[in-house]
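*Asks:* Structure file entry36.txt (compact mmCIF, C-alpha atoms) is given on the next line.
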```txt
# COMPACT_ATOMS: atom_id res chain seq x y z
CA MET A 412 -29.07 19.03 -20.90
CA SER A 413 -28.84 21.73 -23.53
CA ALA A 414 -28.87 24.40 -20.83
CA LEU A 415 -25.62 23.00 -19.42
CA LYS A 416 -22.28 24.36 -20.48
CA PRO A 417 -20.14 21.74 -22.24
CA LYS A 418 -17.69 21.50 -19.37
CA HIS A 419 -20.49 20.94 -16.89
CA GLN A 420 -21.94 18.31 -19.17
CA ARG A 421 -18.55 16.59 -19.19
CA LEU A 422 -18.34 16.88 -15.42
CA VAL A 423 -21.73 15.24 -14.98
CA LEU A 424 -20.81 12.48 -17.42
CA VAL A 425 -17.47 11.76 -15.78
CA VAL A 426 -18.97 11.79 -12.29
CA LEU A 427 -21.77 9.43 -13.37
CA ALA A 428 -19.24 7.12 -14.99
CA LEU A 429 -17.09 7.20 -11.86
CA VAL A 430 -20.03 6.41 -9.58
CA ALA A 431 -20.99 3.47 -11.79
CA LEU A 432 -17.39 2.28 -11.92
CA VAL A 433 -16.79 2.52 -8.18
CA GLY A 434 -20.12 0.82 -7.53
CA ALA A 435 -19.23 -2.02 -9.90
CA GLY A 436 -15.78 -2.37 -8.38
CA LEU A 437 -17.08 -2.45 -4.83
CA LEU A 438 -19.75 -4.99 -5.76
CA ALA A 439 -17.13 -7.19 -7.40
CA ALA A 440 -14.84 -6.87 -4.39
CA TYR A 441 -17.72 -7.68 -2.08
CA ALA A 442 -18.67 -10.73 -4.14
CA LEU A 443 -15.08 -11.94 -3.86
CA ARG A 444 -15.32 -11.56 -0.11
CA SER A 445 -14.87 -15.19 0.83
CA GLN A 446 -13.03 -16.45 -2.26
CA ALA A 447 -10.35 -13.79 -2.09
CA SER A 448 -9.58 -14.47 1.54
CA TYR A 449 -6.12 -15.81 2.04
CA PHE A 450 -7.14 -18.29 4.74
CA TYR A 451 -9.99 -19.85 6.69
CA LEU A 452 -10.61 -18.71 10.24
CA PRO A 453 -11.16 -21.62 12.69
CA GLU A 454 -14.87 -20.80 13.01
CA GLN A 455 -15.20 -20.81 9.21
CA MET A 456 -13.35 -24.11 8.98
CA LEU A 457 -15.60 -25.70 11.59
CA ALA A 458 -18.85 -24.30 10.19
CA ASP A 459 -18.08 -25.09 6.55
CA PRO A 460 -15.18 -27.56 6.49
CA PRO A 461 -13.15 -27.96 3.29
CA GLU A 462 -12.90 -31.44 1.80
CA VAL A 463 -10.47 -33.74 3.55
CA GLY A 464 -7.16 -33.56 1.70
CA GLN A 465 -7.92 -30.32 -0.17
CA ALA A 466 -5.09 -27.79 0.09
CA VAL A 467 -6.28 -24.82 2.16
CA ARG A 468 -4.90 -22.34 4.66
CA LEU A 469 -5.96 -21.90 8.25
CA GLY A 470 -5.28 -18.64 10.08
CA GLY A 471 -5.78 -17.50 13.66
CA MET A 472 -4.07 -17.19 16.99
CA VAL A 473 -1.85 -19.87 18.51
CA GLU A 474 -3.65 -20.82 21.71
CA GLU A 475 -1.67 -20.09 24.89
CA GLY A 476 -0.41 -23.28 26.49
CA SER A 477 -1.33 -25.50 23.55
CA LEU A 478 2.07 -25.64 21.85
CA GLN A 479 3.85 -28.96 22.31
CA THR A 480 6.92 -30.45 20.70
CA ALA A 481 6.76 -34.20 20.05
CA ASP A 482 9.54 -36.57 21.03
CA ASP A 483 11.09 -36.49 17.54
CA GLY A 484 11.91 -32.83 18.19
CA ILE A 485 10.49 -31.40 14.97
CA THR A 486 6.79 -32.18 15.16
CA LEU A 487 4.78 -29.36 16.70
CA THR A 488 1.19 -29.64 17.78
CA PHE A 489 -0.88 -26.65 18.79
CA ALA A 490 -4.37 -25.24 18.52
CA VAL A 491 -5.42 -22.27 16.41
CA THR A 492 -8.24 -20.20 17.87
CA GLY A 493 -10.57 -17.80 16.14
CA ASN A 494 -12.55 -14.78 17.24
CA ASP A 495 -15.35 -16.68 18.96
CA GLY A 496 -13.38 -19.28 20.90
CA SER A 497 -13.60 -22.03 18.30
CA ARG A 498 -10.36 -23.96 17.93
CA VAL A 499 -8.75 -26.27 15.41
CA PRO A 500 -5.87 -28.59 16.39
CA VAL A 501 -2.84 -28.39 14.08
CA ARG A 502 0.14 -30.68 13.51
CA PHE A 503 3.28 -29.47 11.78
CA SER A 504 6.69 -31.02 11.14
CA GLY A 505 9.48 -28.66 10.21
CA ILE A 506 11.09 -25.38 11.10
CA ALA A 507 8.71 -22.70 12.32
CA PRO A 508 9.40 -18.99 11.61
CA ASP A 509 10.94 -16.83 14.35
CA LEU A 510 7.75 -14.95 15.09
CA PHE A 511 5.83 -18.17 15.68
CA VAL A 512 5.04 -18.14 19.41
CA GLU A 513 2.02 -18.86 21.59
CA GLY A 514 -0.49 -16.04 21.57
CA SER A 515 0.57 -14.66 18.18
CA GLY A 516 -1.01 -14.95 14.76
CA VAL A 517 -0.27 -17.79 12.39
CA VAL A 518 -1.30 -18.92 8.92
CA ALA A 519 -0.87 -22.66 8.34
CA GLU A 520 -0.80 -24.08 4.82
CA GLY A 521 -1.92 -27.68 4.55
CA ARG A 522 -5.01 -29.84 4.60
CA LEU A 523 -7.67 -30.96 7.00
CA GLY A 524 -7.19 -34.56 8.15
CA ALA A 525 -10.01 -37.05 8.54
CA ASP A 526 -9.71 -36.84 12.34
CA GLY A 527 -10.30 -33.07 12.33
CA THR A 528 -6.63 -32.22 12.88
CA PHE A 529 -5.17 -29.77 10.41
CA VAL A 530 -1.91 -31.10 8.98
CA ALA A 531 0.31 -28.20 7.99
CA ASP A 532 3.12 -28.34 5.41
CA ASN A 533 4.19 -24.78 6.06
CA LEU A 534 3.70 -22.17 8.76
CA LEU A 535 3.60 -18.42 8.17
CA ALA A 536 3.75 -16.08 11.14
CA LYS A 537 1.24 -13.26 11.03
CA HIS A 538 2.21 -9.98 12.61
CA ASP A 539 -0.52 -7.89 14.18
CA GLU A 540 -0.92 -4.14 13.74
CA ASN A 541 0.87 -3.27 16.99
CA TYR A 542 4.40 -1.94 17.01
CA VAL A 543 5.93 -1.77 20.49
CA PRO A 544 9.59 -1.26 21.44
CA ARG A 545 11.21 -4.04 23.46
CA GLU A 546 11.79 -2.02 26.62
CA LEU A 547 8.11 -1.09 26.84
CA GLN A 548 7.08 -4.74 26.76
CA GLU A 549 9.08 -5.55 29.90
CA MET A 550 7.38 -2.81 31.89
CA GLU A 551 4.33 -3.11 34.03
CA GLN A 552 1.11 -2.04 32.36
CA HIS A 553 0.88 1.31 34.14
CA GLN A 554 4.54 2.14 33.51
CA ALA A 555 4.13 1.46 29.82
CA ALA A 556 1.03 3.63 29.68
CA LYS A 557 2.88 6.45 31.41
CA MET A 558 5.87 6.11 29.09
CA ALA A 559 3.64 6.00 26.04
CA GLU A 560 1.90 9.12 27.27
CA GLU A 561 5.20 10.93 27.72
CA THR A 562 6.58 9.95 24.35
CA THR A 563 3.46 10.72 22.35
CA VAL A 564 2.68 14.20 23.71
CA GLY A 565 1.06 16.31 21.03
CA LEU A 566 0.42 13.43 18.65
CA GLU A 567 -3.28 13.01 19.24
CA MET B 724 -6.40 26.47 -9.74
CA HIS B 725 -7.34 28.16 -13.00
CA GLY B 726 -4.50 30.63 -12.60
CA PHE B 727 -1.90 27.87 -12.72
CA ALA B 728 -3.39 26.36 -15.86
CA ASN B 729 -1.37 29.03 -17.63
CA PRO B 730 2.04 27.46 -18.32
CA LYS B 731 3.87 30.78 -17.81
CA ARG B 732 2.39 31.31 -14.39
CA PHE B 733 2.96 27.66 -13.53
CA LEU B 734 6.62 27.92 -14.50
CA SER B 735 7.18 31.10 -12.47
CA LEU B 736 6.00 29.13 -9.44
CA ALA B 737 7.61 25.79 -10.31
CA ASN B 738 11.01 27.30 -11.06
CA TRP B 739 11.67 28.12 -7.41
CA LEU B 740 9.40 25.53 -5.81
CA THR B 741 11.07 22.54 -7.51
CA PRO B 742 14.57 22.87 -6.01
CA LEU B 743 13.05 23.87 -2.68
CA LEU B 744 10.92 20.72 -2.50
CA LEU B 745 13.74 18.47 -3.70
CA VAL B 746 16.30 19.80 -1.21
CA ALA B 747 13.83 19.85 1.71
CA GLY B 748 12.62 16.37 0.78
CA LEU B 749 16.16 14.97 0.63
CA LEU B 750 17.08 16.51 3.99
CA VAL B 751 13.91 15.45 5.80
CA SER B 752 13.82 11.90 4.40
CA THR B 753 17.54 11.36 5.05
CA ALA B 754 17.08 12.53 8.64
CA ALA B 755 14.00 10.34 9.08
CA LEU B 756 15.75 7.27 7.65
CA TYR B 757 18.77 7.85 9.89
CA TRP B 758 16.42 8.18 12.86
CA GLY B 759 14.50 5.06 11.87
CA LEU B 760 17.51 2.92 10.95
CA PHE B 761 19.85 3.81 13.81
CA ARG B 762 18.04 5.59 16.63
CA VAL B 763 14.77 3.73 17.09
CA PRO B 764 14.65 0.80 19.56
CA PRO B 765 13.97 -2.73 18.22
CA ASP B 766 10.40 -4.00 18.18
CA ARG B 767 9.14 -6.43 20.84
CA LEU B 768 8.57 -9.26 18.35
CA MET B 769 10.21 -8.31 15.07
CA GLY B 770 13.41 -6.94 16.57
CA GLU B 771 15.62 -5.02 14.17
CA THR B 772 13.58 -5.76 11.08
CA VAL B 773 10.98 -3.24 12.26
CA ARG B 774 13.24 -0.58 10.71
CA ILE B 775 11.97 -1.49 7.24
CA LEU B 776 8.75 0.22 8.40
CA PHE B 777 10.30 3.62 7.74
CA LEU B 778 10.87 2.82 4.07
CA HIS B 779 7.96 0.47 3.44
CA VAL B 780 5.06 2.55 4.74
CA PRO B 781 5.94 5.95 3.18
CA THR B 782 6.60 4.33 -0.21
CA ALA B 783 3.35 2.37 0.01
CA TRP B 784 1.34 5.50 0.75
CA LEU B 785 3.05 7.48 -2.00
CA GLY B 786 2.66 4.63 -4.47
CA MET B 787 -1.08 4.94 -3.90
CA GLY B 788 -0.83 8.74 -3.70
CA GLY B 789 0.78 8.80 -7.16
CA TRP B 790 -2.22 7.10 -8.72
CA THR B 791 -4.60 9.36 -6.81
CA ALA B 792 -2.73 12.30 -8.35
CA ILE B 793 -3.06 10.70 -11.80
CA ALA B 794 -6.80 10.19 -11.27
CA VAL B 795 -7.48 13.73 -10.02
CA SER B 796 -5.38 15.29 -12.80
CA SER B 797 -7.12 13.10 -15.36
CA LEU B 798 -10.51 14.23 -14.07
CA VAL B 799 -9.46 17.88 -14.33
CA PHE B 800 -8.12 17.26 -17.82
CA LEU B 801 -11.26 15.48 -19.03
CA VAL B 802 -13.69 18.00 -17.60
CA TRP B 803 -11.90 21.33 -17.82
CA ARG B 804 -9.45 20.41 -20.63
CA HIS B 805 -6.48 21.93 -18.85
CA PRO B 806 -3.44 20.75 -20.80
CA LEU B 807 -1.26 21.15 -17.70
CA ALA B 808 -3.41 18.60 -15.88
CA ALA B 809 -2.49 15.97 -18.49
CA LEU B 810 1.17 16.83 -17.94
CA ALA B 811 0.77 16.56 -14.17
CA ALA B 812 -0.77 13.10 -14.55
CA ARG B 813 2.08 11.95 -16.78
CA ALA B 814 4.66 13.44 -14.42
CA ALA B 815 3.25 11.55 -11.42
CA ALA B 816 3.48 8.15 -13.11
CA VAL B 817 7.23 7.51 -12.89
CA PRO B 818 7.73 8.48 -9.21
CA GLY B 819 4.50 6.63 -8.38
CA LEU B 820 5.80 3.47 -10.04
CA VAL B 821 9.22 3.81 -8.38
CA PHE B 822 7.64 4.16 -4.93
CA THR B 823 5.33 1.21 -5.60
CA LEU B 824 8.28 -0.97 -6.61
CA ILE B 825 10.29 0.08 -3.54
CA CYS B 826 7.26 -0.78 -1.41
CA LEU B 827 6.93 -4.22 -3.00
CA ALA B 828 10.66 -4.95 -2.70
CA SER B 829 10.98 -3.75 0.90
CA GLY B 830 7.80 -5.60 1.84
CA SER B 831 9.16 -8.79 0.33
CA ILE B 832 12.43 -8.44 2.23
CA TRP B 833 10.44 -7.75 5.38
CA GLY B 834 8.16 -10.72 4.80
CA ARG B 835 10.97 -13.28 4.73
CA PRO B 836 12.06 -12.90 8.39
CA THR B 837 8.66 -11.94 9.85
CA TRP B 838 6.17 -14.16 8.03
CA GLY B 839 8.56 -16.78 6.75
CA THR B 840 7.92 -16.12 3.07
CA TRP B 841 9.04 -13.67 0.38
CA TRP B 842 5.67 -13.47 -1.30
CA VAL B 843 2.10 -14.69 -0.90
CA TRP B 844 -0.86 -14.06 -3.17
CA ASP B 845 -3.00 -12.41 -0.53
CA GLY B 846 -5.30 -9.45 -1.15
CA ARG B 847 -2.94 -6.68 -0.11
CA LEU B 848 0.16 -7.93 -1.91
CA THR B 849 -1.68 -8.83 -5.08
CA SER B 850 -3.56 -5.52 -5.34
CA MET B 851 -0.30 -3.63 -4.82
CA LEU B 852 1.35 -5.65 -7.61
CA VAL B 853 -1.64 -4.81 -9.83
CA LEU B 854 -0.98 -1.14 -9.07
CA ALA B 855 2.59 -1.49 -10.39
CA PHE B 856 1.25 -3.04 -13.62
CA LEU B 857 -1.36 -0.27 -13.93
CA TYR B 858 1.46 2.29 -13.76
CA LEU B 859 3.31 0.50 -16.58
CA ALA B 860 0.18 0.40 -18.73
CA TYR B 861 -0.55 4.05 -18.01
CA MET B 862 2.98 5.06 -19.00
CA ALA B 863 2.70 3.13 -22.26
CA LEU B 864 -0.63 4.83 -23.03
CA ALA B 865 0.68 8.29 -22.16
CA GLN B 866 3.67 7.74 -24.42
CA ALA B 867 1.39 6.60 -27.23
CA ALA B 868 -0.67 9.75 -26.75
CA GLU B 869 2.45 11.83 -27.13
CA ARG B 870 4.14 10.03 -30.02
CA GLU B 871 1.63 7.97 -31.94
CA GLY B 872 -1.17 10.51 -32.12
CA VAL B 873 -3.46 8.61 -29.75
CA SER B 874 -5.96 10.98 -28.14
CA PRO B 875 -4.71 12.24 -24.75
CA ARG B 876 -8.16 11.40 -23.43
CA ILE B 877 -7.34 7.68 -23.60
CA PRO B 878 -4.66 7.73 -20.85
CA ALA B 879 -6.85 10.12 -18.84
CA ILE B 880 -9.78 7.70 -18.95
CA PHE B 881 -7.42 4.87 -18.02
CA GLY B 882 -6.14 6.94 -15.10
CA LEU B 883 -9.70 7.28 -13.81
CA LEU B 884 -10.50 3.60 -14.38
CA GLY B 885 -7.40 2.49 -12.53
CA ALA B 886 -8.37 4.53 -9.48
CA ILE B 887 -10.79 1.77 -8.49
CA ASN B 888 -7.75 -0.21 -7.35
CA ILE B 889 -6.84 2.38 -4.69
CA PRO B 890 -9.76 1.74 -2.28
CA ILE B 891 -9.33 -1.99 -2.95
CA ILE B 892 -5.68 -1.83 -1.81
CA ASN B 893 -6.70 0.20 1.20
CA ARG B 894 -9.55 -2.12 2.25
CA SER B 895 -7.97 -5.42 1.20
CA VAL B 896 -6.76 -6.24 4.70
CA VAL B 897 -10.17 -5.42 6.19
CA TRP B 898 -12.41 -7.21 3.69
CA TRP B 899 -10.39 -10.38 3.33
CA ASN B 900 -8.44 -12.53 5.74
CA SER B 901 -4.95 -11.58 4.80
CA LEU B 902 -1.41 -12.41 5.84
CA HIS B 903 -0.69 -8.69 5.83
CA GLN B 904 -1.70 -7.10 9.13
CA PRO B 905 -4.72 -4.76 9.33
CA PRO B 906 -4.05 -1.01 9.22
CA SER B 907 -2.07 0.29 12.21
CA ILE B 908 -3.02 3.90 11.60
CA THR B 909 -6.69 4.69 11.20
CA MET B 910 -8.60 7.95 11.65
CA GLY B 911 -7.07 9.57 14.71
CA LYS B 912 -5.81 6.28 16.16
CA SER B 913 -2.52 4.48 15.97
CA ALA B 914 -1.38 1.07 17.15
CA ILE B 915 2.21 2.14 16.53
CA ASP B 916 4.11 3.26 19.59
CA GLY B 917 5.22 6.90 19.62
CA GLU B 918 8.88 5.92 19.34
CA PHE B 919 8.13 4.46 15.91
CA LEU B 920 5.27 6.73 14.92
CA VAL B 921 7.08 10.08 15.08
CA PRO B 922 10.00 9.11 12.77
CA LEU B 923 7.47 7.37 10.50
CA LEU B 924 5.45 10.56 10.10
CA VAL B 925 8.66 12.53 9.48
CA ALA B 926 9.65 9.99 6.81
CA VAL B 927 6.22 10.31 5.17
CA THR B 928 6.63 14.10 5.12
CA GLY B 929 10.12 13.87 3.62
CA PHE B 930 9.17 11.36 0.93
CA SER B 931 6.09 13.43 0.06
CA LEU B 932 8.23 16.55 -0.43
CA LEU B 933 10.55 14.52 -2.68
CA PHE B 934 7.57 13.22 -4.61
CA GLY B 935 6.24 16.75 -5.15
CA GLY B 936 9.66 17.97 -6.26
CA VAL B 937 10.08 15.14 -8.78
CA VAL B 938 6.59 15.73 -10.21
CA LEU B 939 7.27 19.46 -10.68
CA ALA B 940 10.69 18.77 -12.22
CA ARG B 941 9.17 16.27 -14.66
CA MET B 942 6.35 18.69 -15.55
CA ARG B 943 8.93 21.35 -16.36
CA ALA B 944 10.85 18.89 -18.52
CA LEU B 945 7.68 17.83 -20.35
CA LEU B 946 6.71 21.47 -20.91
CA ALA B 947 10.18 22.26 -22.26
CA ASP B 948 9.85 19.28 -24.63
CA ILE B 949 6.54 20.55 -25.96
CA GLN B 950 7.86 24.08 -26.41
CA ALA B 951 10.98 22.88 -28.19
CA GLU B 952 8.88 20.76 -30.52
CA ALA B 953 6.52 23.65 -31.26
CA ARG B 954 9.48 25.87 -32.07
CA LEU B 955 10.97 23.27 -34.40
CA ARG B 956 7.65 22.91 -36.19
CA ARG B 957 7.36 26.68 -36.59
CA LYS B 958 10.89 26.83 -38.02
CA ALA B 959 10.07 24.05 -40.45
CA MET B 960 6.91 25.88 -41.55
CA GLU B 961 8.85 29.09 -42.14
CA ALA B 962 11.52 27.27 -44.13
CA ALA B 963 8.97 25.58 -46.36
```
Rewrite the coordinates I just gave you, this time as structure tokens.

*Replies:*
Amino acid sequence: MSALKPKHQRLVLVVLALVALVGAGLLAAYALRSQASYFYLPEQMLADPPEVGQAVRLGGMVEEGSLQTADDGITLTFAVTGNDGSRVPVRFSGIAPDLFVEGSGVVAEGRLGADGTFVADNLLAKHDENYVPRELQEMEQHQAAKMAEETTVGLE
Amino acid sequence: MHGFANPKRFLSLANWLTPLLLVAGLLVSTAALYWGLFRVPPDRLMGETVRILFLHVPTAWLGMGGWTAIAVSSLVFLVWRHPLAALAARAAAVPGLVFTLICLASGSIWGRPTWGTWWVWDGRLTSMLVLAFLYLAYMALAQAAEREGVSPRIPAIFGLLGAINIPIINRSVVWWNSLHQPPSITMGKSAIDGEFLVPLLVAVTGFSLLFGGVVLARMRALLADIQAEARLRRKAMEAA
């Protein structure tokens, strides 16, 4: 070490400290992996179900064709699907957010019932990472692709 | 880099670069916001609220960019002992905090109509709130270093420590199930349609120019403070 100039010694020290710090931070973040998640996916809820009545959140996609409104007009039933096709039925009474539609993401706050149905007190709509203008959505697939190509020239 | 460690040479550059960056930043970000708020079509699902994108995303990136600047400057200060680097770190704190707060506020306003809630304690939102608190703590430490005789190395070390939060914010939506959507823009790929993406990138450019201008202006002010104080002290010594 004595051969090193003081500023190089400081550099080595700071870099070592940073590596240790980043390593510790990443390990901590990794350890928090499941605990820090905001919600259960359906496959996680099926594989390792929370206790009946414990307040948890369930997140996933609203299955196409599963959304039904009960006769009272405010009770919704639908199924939330995960990445591997597993599904959890959900019941919710109340006003759903505007973005809540079939085929979009949802986070339901509530508890798992004894019959395996998730009873939600609150629904949060989850937006995905795609931003598409309205007029593009109405187009046929190939038209949209062509339009996207024209409007994004030089962006890649 | 070493050349600009000299305050005189830094000032000769900053004196003309500051107004240039501020004016260019104001023009570009105003144009981008006009484009985003009035010219862009509504989103397929979110409708008109998609326009918050053009404020929310640039401020989020610059909120994180501000701390990255603090961390890099702190590293340079600790290793090479450049006094200007300490000033640069201090100068980045206020605009960084302001952008972080705008990001949190605009995100909250966006969350109400889209998600159905103003706030949730998910990974992304919480880590961004932590960033705002880190800025406050850093500013308190930097002020203590200036006024109370605390070593300037203390805020610099804190600036480096706090940098661990930046990758956590960035990865929070990937590591943990989160109400916030995963990143739309990743290396060379974008899930944002061109009609939104182009004004967004213009807005990012404009806000970045503004950020740079504010940092330079604050560095000049801090330098002037130090020089005025040194002059006063010299006067007092001569009088005694």

*Asks:* Within 6 Å of stretch 735-746 of chain B, which residues of stretch 871-961 of chain B come that close, and what is the closest atom pair and distance in Å for each? Count only C-alpha atoms and give it as CSV.

*Replies:*
```
residue,atom,partner,partner_atom,distance
B:Leu932,CA,B:Leu744,CA,5.4
B:Leu933,CA,B:Leu745,CA,5.2
B:Gly936,CA,B:Leu744,CA,4.8
B:Leu939,CA,B:Thr741,CA,5.8
```

*Asks:* Stretch 496-499 of chain A: which residues within 10 Å, counting all atoms listed in the file, same-chain residues fewer than 3 positions away excluded, as a ChimeraX atom specification?

*Replies:* /A:452-458,469-474,489-493,523,527-529

*Asks:* Keeping only C-alpha atoms, take the residues you just selected and write them out as a PDB file, in the frame of the given file.

*Replies:*
```pdb
ATOM      1  CA  LEU A 452     -10.610 -18.710  10.240  1.00  0.00           C
ATOM      2  CA  PRO A 453     -11.160 -21.620  12.690  1.00  0.00           C
ATOM      3  CA  GLU A 454     -14.870 -20.800  13.010  1.00  0.00           C
ATOM      4  CA  GLN A 455     -15.200 -20.810   9.210  1.00  0.00           C
ATOM      5  CA  MET A 456     -13.350 -24.110   8.980  1.00  0.00           C
ATOM      6  CA  LEU A 457     -15.600 -25.700  11.590  1.00  0.00           C
ATOM      7  CA  ALA A 458     -18.850 -24.300  10.190  1.00  0.00           C
ATOM      8  CA  LEU A 469      -5.960 -21.900   8.250  1.00  0.00           C
ATOM      9  CA  GLY A 470      -5.280 -18.640  10.080  1.00  0.00           C
ATOM     10  CA  GLY A 471      -5.780 -17.500  13.660  1.00  0.00           C
ATOM     11  CA  MET A 472      -4.070 -17.190  16.990  1.00  0.00           C
ATOM     12  CA  VAL A 473      -1.850 -19.870  18.510  1.00  0.00           C
ATOM     13  CA  GLU A 474      -3.650 -20.820  21.710  1.00  0.00           C
ATOM     14  CA  PHE A 489      -0.880 -26.650  18.790  1.00  0.00           C
ATOM     15  CA  ALA A 490      -4.370 -25.240  18.520  1.00  0.00           C
ATOM     16  CA  VAL A 491      -5.420 -22.270  16.410  1.00  0.00           C
ATOM     17  CA  THR A 492      -8.240 -20.200  17.870  1.00  0.00           C
ATOM     18  CA  GLY A 493     -10.570 -17.800  16.140  1.00  0.00           C
ATOM     19  CA  LEU A 523      -7.670 -30.960   7.000  1.00  0.00           C
ATOM     20  CA  GLY A 527     -10.300 -33.070  12.330  1.00  0.00           C
ATOM     21  CA  THR A 528      -6.630 -32.220  12.880  1.00  0.00           C
ATOM     22  CA  PHE A 529      -5.170 -29.770  10.410  1.00  0.00           C
TER      23      PHE A 529
END
```

*Asks:* Any idea what's packed within 12 Å of B:Thr791, counting only C-alpha atoms, ignoring anything in its chain fewer than 5 positions away? Could you give it as a PyMOL selection string?

*Replies:* chain B and resi 784-786+796-798+811-812+815-816+819+854+858+882-890

*Asks:* Would you compute the distance between atom CA of A:Arg421 and atom CA of B:Asp948? Give it in Å to one decimal.

*Replies:*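 Pair atom CA of A:Arg421 / atom CA of B:Asp948 returns 29.0 Å.
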
*Asks:* Leaving out B:Phe800 and any residue of its chain fewer than 6 positions from it, which residues lie within 10 Å of it when counting only C-alpha atoms, given as a PyMOL selection string?

*Replies:* chain B and resi 794+806-812+875-876+879-880

*Asks:* Using all atoms listed in the file, pick whichever of A:Gly521, A:Pro544, A:Gly505, A:Gly476 has the shortest atom-to-atom distance to chain B.

*Replies:*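 For chain B, the nearest of the given residues is A:Pro544.
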
*Asks:* Counting all atoms listed in the file, which of B:Gln950, B:Ser752, B:Ser874, B:Thr909 gets nearest to B:Lys731?

*Replies:*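 Of B:Gln950, B:Ser752, B:Ser874, B:Thr909, the one nearest B:Lys731, counting all atoms listed in the file, is B:Gln950.
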
*Asks:* May I have the residues within 12 Å of B:Ile891 as a PDB file with C-alpha atoms, in the frame of the given file, using all atoms listed in the file and disregarding those fewer than 3 positions away in the same chain?

*Replies:*
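Final file, part-v2.pdb:
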```
ATOM      1  CA  VAL A 433     -16.790   2.520  -8.180  1.00  0.00           C
ATOM      2  CA  GLY A 436     -15.780  -2.370  -8.380  1.00  0.00           C
ATOM      3  CA  LEU A 437     -17.080  -2.450  -4.830  1.00  0.00           C
ATOM      4  CA  LEU A 438     -19.750  -4.990  -5.760  1.00  0.00           C
ATOM      5  CA  ALA A 439     -17.130  -7.190  -7.400  1.00  0.00           C
ATOM      6  CA  ALA A 440     -14.840  -6.870  -4.390  1.00  0.00           C
ATOM      7  CA  TYR A 441     -17.720  -7.680  -2.080  1.00  0.00           C
ATOM      8  CA  LEU A 443     -15.080 -11.940  -3.860  1.00  0.00           C
ATOM      9  CA  ARG A 444     -15.320 -11.560  -0.110  1.00  0.00           C
ATOM     10  CA  ALA A 447     -10.350 -13.790  -2.090  1.00  0.00           C
TER      11      ALA A 447
ATOM     12  CA  MET B 787      -1.080   4.940  -3.900  1.00  0.00           C
ATOM     13  CA  GLY B 846      -5.300  -9.450  -1.150  1.00  0.00           C
ATOM     14  CA  ARG B 847      -2.940  -6.680  -0.110  1.00  0.00           C
ATOM     15  CA  LEU B 848       0.160  -7.930  -1.910  1.00  0.00           C
ATOM     16  CA  THR B 849      -1.680  -8.830  -5.080  1.00  0.00           C
ATOM     17  CA  SER B 850      -3.560  -5.520  -5.340  1.00  0.00           C
ATOM     18  CA  MET B 851      -0.300  -3.630  -4.820  1.00  0.00           C
ATOM     19  CA  VAL B 853      -1.640  -4.810  -9.830  1.00  0.00           C
ATOM     20  CA  LEU B 854      -0.980  -1.140  -9.070  1.00  0.00           C
ATOM     21  CA  GLY B 885      -7.400   2.490 -12.530  1.00  0.00           C
ATOM     22  CA  ALA B 886      -8.370   4.530  -9.480  1.00  0.00           C
ATOM     23  CA  ILE B 887     -10.790   1.770  -8.490  1.00  0.00           C
ATOM     24  CA  ASN B 888      -7.750  -0.210  -7.350  1.00  0.00           C
ATOM     25  CA  ARG B 894      -9.550  -2.120   2.250  1.00  0.00           C
ATOM     26  CA  SER B 895      -7.970  -5.420   1.200  1.00  0.00           C
ATOM     27  CA  VAL B 896      -6.760  -6.240   4.700  1.00  0.00           C
ATOM     28  CA  VAL B 897     -10.170  -5.420   6.190  1.00  0.00           C
ATOM     29  CA  TRP B 898     -12.410  -7.210   3.690  1.00  0.00           C
ATOM     30  CA  TRP B 899     -10.390 -10.380   3.330  1.00  0.00           C
TER      31      TRP B 899
END
```

*Asks:* Dump as a list in words all residues having an atom at most 7 Å from (7.3, -19.0, 11.7), computed in the file's coordinates with all atoms listed in the file.

*Replies:* Ala507, Pro508, Asp509, Leu510, Phe511, Leu534, Leu535 and Ala536 of chain A; Trp838 and Gly839 of chain B

*Asks:* Which polymer residues have any atom within 9 Å of an atom of A:Leu487, counting only C-alpha atoms, with same-chain residues fewer than 3 positions away left out, as a list in words?

*Replies:*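 The filter keeps Leu478, Gln479, Thr480, Ala481, Gly484, Val501, Arg502, Phe503, Ser504, Gly505 and Ala507 of chain A.
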
*Asks:* Store the residues picked out above in a file with C-alpha atoms, as a PDB file, in the frame of the given file.

*Replies:*
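Written out: again30.pdb:
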```
ATOM      1  CA  LEU A 478       2.070 -25.640  21.850  1.00  0.00           C
ATOM      2  CA  GLN A 479       3.850 -28.960  22.310  1.00  0.00           C
ATOM      3  CA  THR A 480       6.920 -30.450  20.700  1.00  0.00           C
ATOM      4  CA  ALA A 481       6.760 -34.200  20.050  1.00  0.00           C
ATOM      5  CA  GLY A 484      11.910 -32.830  18.190  1.00  0.00           C
ATOM      6  CA  VAL A 501      -2.840 -28.390  14.080  1.00  0.00           C
ATOM      7  CA  ARG A 502       0.140 -30.680  13.510  1.00  0.00           C
ATOM      8  CA  PHE A 503       3.280 -29.470  11.780  1.00  0.00           C
ATOM      9  CA  SER A 504       6.690 -31.020  11.140  1.00  0.00           C
ATOM     10  CA  GLY A 505       9.480 -28.660  10.210  1.00  0.00           C
ATOM     11  CA  ALA A 507       8.710 -22.700  12.320  1.00  0.00           C
TER      12      ALA A 507
END
```

*Asks:* From the set B:Val921, B:Ala914, B:Ile949, B:Ala814, which residue has the shortest atom-to-atom contact distance to B:Tyr861, counting all atoms listed in the file?

*Replies:*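 Among the listed residues, B:Ala814 lies closest to B:Tyr861.
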
*Asks:* Restricting the calculation to only C-alpha atoms, which member of B:Val763, B:Cys826, B:Leu776, B:Met769 is positioned closest to B:Glu918?

*Replies:*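 Under the stated criterion, the closest residue is B:Val763.
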